[in-house]
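S.K.: The following block contains the structure, expressed as C-alpha cells.
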Number of protein chains: 2
Amino acid sequence: MENFTASAPGKVILFGEHFVVYGEPAIAVALDLRVEATAYRCEKSIVEGLRTPLVERAIEEALRFVNRSGEAVCVRLRSNLPISVGLGSSAATAVAVIASITGLFGVKPSRDRLFRMALEVEKTVHVNPSGIDPAISVNGGAILYRRGRGIEPIKLGGDFTLVIGNTGVPRSTGAMVEKVRLFAENHPRVMDRLRAAASSIASEALEALEKGDVEKLGRLMDVNHGLLEAIGVSSLELERLVYAARRAGALGAKLTGAGGGGCMVALVAGKRVEAVVEAIRKAGGEPMVAPISRVGVLYGNG
Amino acid sequence: MENFTASAPGKVILFGEHFVVYGEPAIAVALDLRVEATAYRCEKSIVEGLRTPLVERAIEEALRFVNRSGEAVCVRLRSNLPISVGLGSSAATAVAVIASITGLFGVKPSRDRLFRMALEVEKTVHVNPSGIDPAISVNGGAILYRRGRGIEPIKLGGDFTLVIGNTGVPRSTGAMVEKVRLFAENHPRVMDRLRAAASSIASEALEALEKGDVEKLGRLMDVNHGLLEAIGVSSLELERLVYAARRAGALGAKLTGAGGGGCMVALVAGKRVEAVVEAIRKAGGEPMVAPISRVGVLYGNG
C-alpha cells in the first residue's frame, strides 16, 4: 500500500500572544512534540485518529492543491502533543495532514504556500487566527512573527530549558480573543499603549534571545505576563503556576497562548529545572519539560 | 492642662501607584480611618503611642513652623488605621502631629504648607515619596494627584463600596520603589509605554468616577493591576485576594500602595459586599469595608 508520512511540531509562544492579532510582533519556538499524519490511497476517505472539521478541511485543501479535489484519500493521525491547551495542535495537525497528502501525490508545496494553506484551515477553529501557529509549525526553531509580514527566523543563543505547566483548565481561544477585542474597543487608548509596550518587550526579547541573555529574557517574560493580566486573559490557576515557578527559581514565567486556562511557560536555567517541575506539580499543574525543535514540517516516512 | 487635638485620615490608592513617582497622575481616596494626635505643653518631650523617627521629625517640623524650635512638647497618638500596609499611616501620622502642635500654639498652616511639611517628614521613612499620601490626608475626599502639580479634587459619583483585603504579608515601600526604579533603568522604553498606559487608565478612571460609571471603574482597576504585575510589585498572596474578590462579584480589584504584600482593594456594588468580604477571608486575607472620608485634616478637640 502506497503511503506518505509527514509530521509537524507544536509551539509555545514566548512573547506577544494576543497583541500579535493587532499587528505587534510575537516570538514563538517549535516544540519537539509532533503531530504525525500518514496519507494513503483508499476507496473511501477515512481518518484514523481524531476526525474533526479541521482535518476534513485540511484534506480538502491538500487535494485541491494537487488537483485531486473530490478524490478519496485516507489519513492516519498520531500525536504526542496535548490538544487544546495552547500548544498549537490545530496548526500542527493542519500542516501534517496537508504535507502527508501532497507528499502522497508527489508534490511539495513551498513553505510559504504550506503556511497559507494551513492558515486557511485554521479558520475552521479560530475566527481570526494570527497565523503564528502555522508559521512556527512549518518552519520550526524560533521565529519572530508579524501578521502580514511573515516570519523572521531567530538564532537561539543562551542555555535554558522551557518548562510548561498545564493548569488543566480548559480554555477557549475564541472567547479570549473576543474578550481582548471588546477590551480594545472599550479602551482604545489604553490598548494602543499596551500594544506599544508589548512591541517593545518583543524587540528587547529578540535581542536577548540572540545574545543568549537568559536573565533578561526571563524578566521580560514576567513583564509580558503582566500585560496579559492587564488585558484580562490570566486566571488564578495560571497565577498559581506562574508564581510557583518563579519562587522555585525560574528566570521568568508567563501564561502562554490564549490564556484564561491552558498553559504557562517558565524559562529555567539547567540546575533549577527539577525544582520548577516539582513546584508546578505541587501548585496543582501538570509540568512538562519542553524540548525545542529545530525542525518544522518533516516529509517522508520517518 | 492646655492641649490641642487634630486628626488626619488614611488613604487608599485606586489608580497610579508607582507610576506617580514618575510624574503620572494617580487617584486616591481618603478613608475614615484616622490618626488622632493630641499635643500638650510639658517639661520634657514625650510621645504617648508609637514613638518613631517620623513622629520626632514631625514634632521638629511643627515647632520650627511656630518658631519654638527646641522647646518641649508632648504628643499623645491614637489610631484606628492599620500601619505599614499601604493605607497611608505615615502621612496621616505626620499630618496629625503637625496639626496638633501648630494648633496648640494657635497657628494654622495653609493646607499647602501643611502638605509640604508632612512631605518633608515622610522623607524619614521613604527615600522618594511621591507626595500623594500627605496630599490626600490633608485634603480628604478623592483627589487626582500629579507630582509637582499638586492636587485636583474629584467629585465622587456612583454608588460603590471599597473593600480592602490585607494579605498580612509585610511589605517595604522602599524596596518596591527601588525594584521599579531598577526595572525602569533596565527597560526604559517598556517603562515609558507602561507609564503612558497608566496615564490613560487614570484619565479614563477620572471620567468614570465623575460620571459614576462604576462598571468601567472596576474594569480599569483590573487593568491597572496588570500593569503593577508587569512592573513586578504583585505577589501570589495579592493575586489570591484579587481573584477571590473578582470571582465573588467585585466590579474590579487590584493591589493598592507599594505592593509586594500589604493590601488589595476591590470596588464592589452594595449587594455583593458581604460575598466579597467572605471571599477575601476564605482566601486568607483580612477583609475590611473601607468607608470613604470626605474630611481631611480636622483641627480641634473633637
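Scheme for the C-alpha cells: letters A, B, ... for chains in order shown; per-chain residue numbers from 1; ligand numbers from 1 in order shown.
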Select, as a list in words, those residues of chain B with any atom no more than 7 Å from chain A (distances computed using only C-alpha atoms).

M.R.: Arg189, Val190, Arg193, Leu194, Ala196, Ala197, Ser200, Ile201, Asp222, Val223, Asn224, His225, Gly226, Leu227, Glu229, Ala230, Ile231, Leu236, Arg240 and Tyr243 of chain B

S.K.: Please save N, CA and C atoms of the selected residues as a PDB file, in the first residue's frame.

M.R.:
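Output below, filename selection_3.pdb:
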ATOM      1  N   ARG B 189      12.367  51.884  27.568  1.00  0.00           N
ATOM      2  CA  ARG B 189      11.311  52.055  26.567  1.00  0.00           C
ATOM      3  C   ARG B 189      10.020  51.375  27.001  1.00  0.00           C
ATOM      4  N   VAL B 190      10.173  50.162  27.553  1.00  0.00           N
ATOM      5  CA  VAL B 190       8.990  49.454  28.047  1.00  0.00           C
ATOM      6  C   VAL B 190       8.332  50.283  29.148  1.00  0.00           C
ATOM      7  N   ARG B 193       6.280  53.171  27.960  1.00  0.00           N
ATOM      8  CA  ARG B 193       4.990  52.778  27.400  1.00  0.00           C
ATOM      9  C   ARG B 193       4.002  52.323  28.480  1.00  0.00           C
ATOM     10  N   LEU B 194       4.537  51.691  29.508  1.00  0.00           N
ATOM     11  CA  LEU B 194       3.659  51.331  30.623  1.00  0.00           C
ATOM     12  C   LEU B 194       3.182  52.587  31.347  1.00  0.00           C
ATOM     13  N   ALA B 196       2.719  55.476  29.954  1.00  0.00           N
ATOM     14  CA  ALA B 196       1.682  56.060  29.096  1.00  0.00           C
ATOM     15  C   ALA B 196       0.357  55.328  29.303  1.00  0.00           C
ATOM     16  N   ALA B 197       0.427  54.004  29.422  1.00  0.00           N
ATOM     17  CA  ALA B 197      -0.800  53.229  29.659  1.00  0.00           C
ATOM     18  C   ALA B 197      -1.403  53.600  31.013  1.00  0.00           C
ATOM     19  N   SER B 200      -3.220  56.880  30.756  1.00  0.00           N
ATOM     20  CA  SER B 200      -4.526  56.738  30.094  1.00  0.00           C
ATOM     21  C   SER B 200      -5.552  56.136  31.035  1.00  0.00           C
ATOM     22  N   ILE B 201      -5.117  55.136  31.792  1.00  0.00           N
ATOM     23  CA  ILE B 201      -6.039  54.484  32.724  1.00  0.00           C
ATOM     24  C   ILE B 201      -6.545  55.501  33.742  1.00  0.00           C
ATOM     25  N   ASP B 222      -8.863  46.505  37.274  1.00  0.00           N
ATOM     26  CA  ASP B 222      -8.261  45.238  36.835  1.00  0.00           C
ATOM     27  C   ASP B 222      -7.077  45.489  35.894  1.00  0.00           C
ATOM     28  N   VAL B 223      -7.274  46.400  34.965  1.00  0.00           N
ATOM     29  CA  VAL B 223      -6.204  46.693  34.001  1.00  0.00           C
ATOM     30  C   VAL B 223      -4.992  47.269  34.735  1.00  0.00           C
ATOM     31  N   ASN B 224      -5.261  48.206  35.643  1.00  0.00           N
ATOM     32  CA  ASN B 224      -4.167  48.816  36.412  1.00  0.00           C
ATOM     33  C   ASN B 224      -3.398  47.754  37.203  1.00  0.00           C
ATOM     34  N   HIS B 225      -4.144  46.782  37.728  1.00  0.00           N
ATOM     35  CA  HIS B 225      -3.466  45.711  38.466  1.00  0.00           C
ATOM     36  C   HIS B 225      -2.463  44.966  37.578  1.00  0.00           C
ATOM     37  N   GLY B 226      -2.870  44.719  36.329  1.00  0.00           N
ATOM     38  CA  GLY B 226      -1.961  44.044  35.396  1.00  0.00           C
ATOM     39  C   GLY B 226      -0.683  44.839  35.177  1.00  0.00           C
ATOM     40  N   LEU B 227      -0.801  46.153  35.061  1.00  0.00           N
ATOM     41  CA  LEU B 227       0.402  46.991  34.897  1.00  0.00           C
ATOM     42  C   LEU B 227       1.307  46.854  36.111  1.00  0.00           C
ATOM     43  N   GLU B 229       1.481  44.287  38.064  1.00  0.00           N
ATOM     44  CA  GLU B 229       2.137  42.985  37.969  1.00  0.00           C
ATOM     45  C   GLU B 229       3.289  43.063  36.972  1.00  0.00           C
ATOM     46  N   ALA B 230       3.075  43.784  35.869  1.00  0.00           N
ATOM     47  CA  ALA B 230       4.130  43.896  34.850  1.00  0.00           C
ATOM     48  C   ALA B 230       5.407  44.521  35.413  1.00  0.00           C
ATOM     49  N   ILE B 231       5.269  45.501  36.298  1.00  0.00           N
ATOM     50  CA  ILE B 231       6.488  46.135  36.843  1.00  0.00           C
ATOM     51  C   ILE B 231       6.991  45.400  38.091  1.00  0.00           C
ATOM     52  N   LEU B 236       1.900  36.408  44.920  1.00  0.00           N
ATOM     53  CA  LEU B 236       0.868  35.372  44.881  1.00  0.00           C
ATOM     54  C   LEU B 236      -0.226  35.659  45.894  1.00  0.00           C
ATOM     55  N   ARG B 240      -4.159  36.059  44.985  1.00  0.00           N
ATOM     56  CA  ARG B 240      -5.215  35.222  45.572  1.00  0.00           C
ATOM     57  C   ARG B 240      -6.401  36.079  46.007  1.00  0.00           C
ATOM     58  N   TYR B 243      -8.186  37.784  42.849  1.00  0.00           N
ATOM     59  CA  TYR B 243      -9.065  36.868  42.112  1.00  0.00           C
ATOM     60  C   TYR B 243     -10.263  36.431  42.958  1.00  0.00           C
TER      61      TYR B 243
END

S.K.: Rank B:Glu286, B:Glu43, B:Glu24, B:Asp133 by their smallest atom-to-atom distance to Thr167 (chain B), using only C-alpha atoms, and report the top residue only.

M.R.: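 Checking each of B:Glu286, B:Glu43, B:Glu24, B:Asp133 against Thr167 (chain B), counting only C-alpha atoms, the winner is B:Glu286.
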
S.K.: Measuring atom to atom with only C-alpha atoms, identify which of A:Val97, A:Ala28, A:Val127, A:Val138 is nearest to Gly257 (chain A).

M.R.: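 Closest to Gly257 (chain A), using only C-alpha atoms: A:Ala28.
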
S.K.: Any idea what's packed within 8 Å of Ala258 (chain A), counting only C-alpha atoms, ignoring anything in its chain fewer than 4 positions away? Could you give it as a ChimeraX atom specification?

M.R.: /A:17-18,86,171-173,176-177,233,262

S.K.: Using the chain letters and numbers from this document, which residues of region 80-250 of chain B does DSSP assign to alpha helix (DSSP H), as a count of residues only?

M.R.: 103

S.K.: Write out as a ChimeraX atom specification each polymer residue whose atoms come within 12 Å of Val35 (chain A), counting only C-alpha atoms; drop sequence neighbours fewer than 5 positions from it.

M.R.: /A:5-11,49-50,76-83,87-100,137-138,296-298

S.K.: What's the separation between CA of Phe15 (chain A) and CA of Thr256 (chain A), in Å to one decimal place?

M.R.: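 Separating CA of Phe15 (chain A) from CA of Thr256 (chain A) is a distance of 8.1 Å.
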
S.K.: Between B:Val265, B:Ala245, B:Val66, B:Ala275, which one has atoms that come closest to Val29 (chain B), using only C-alpha atoms?

M.R.: B:Val265

S.K.: Please extract the residues of region 75-201 of chain A with a backbone DSSP assignment of strand (DSSP E or B) and present them as a PyMOL selection string.

M.R.: chain A and resi 75-79+142-146+150-154+161-166

S.K.: Write out as a list of chain:residue names each polymer residue whose atoms come within 12 Å of Pro53 (chain A), counting only C-alpha atoms; drop sequence neighbours fewer than 4 positions from it.

M.R.: A:Val47, A:Arg57, A:Ala58, A:Ile59, A:Glu60, A:Ser90, A:Thr93, A:Ala94, A:Val121, A:Glu122, A:Lys123, A:Thr124, A:Val125, A:His126

S.K.: What separation in Å, quoted to one decimal, exists between CA of Ala279 (chain A) and CA of Ala248 (chain A)?

M.R.: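 These two atoms are separated by 6.3 Å.
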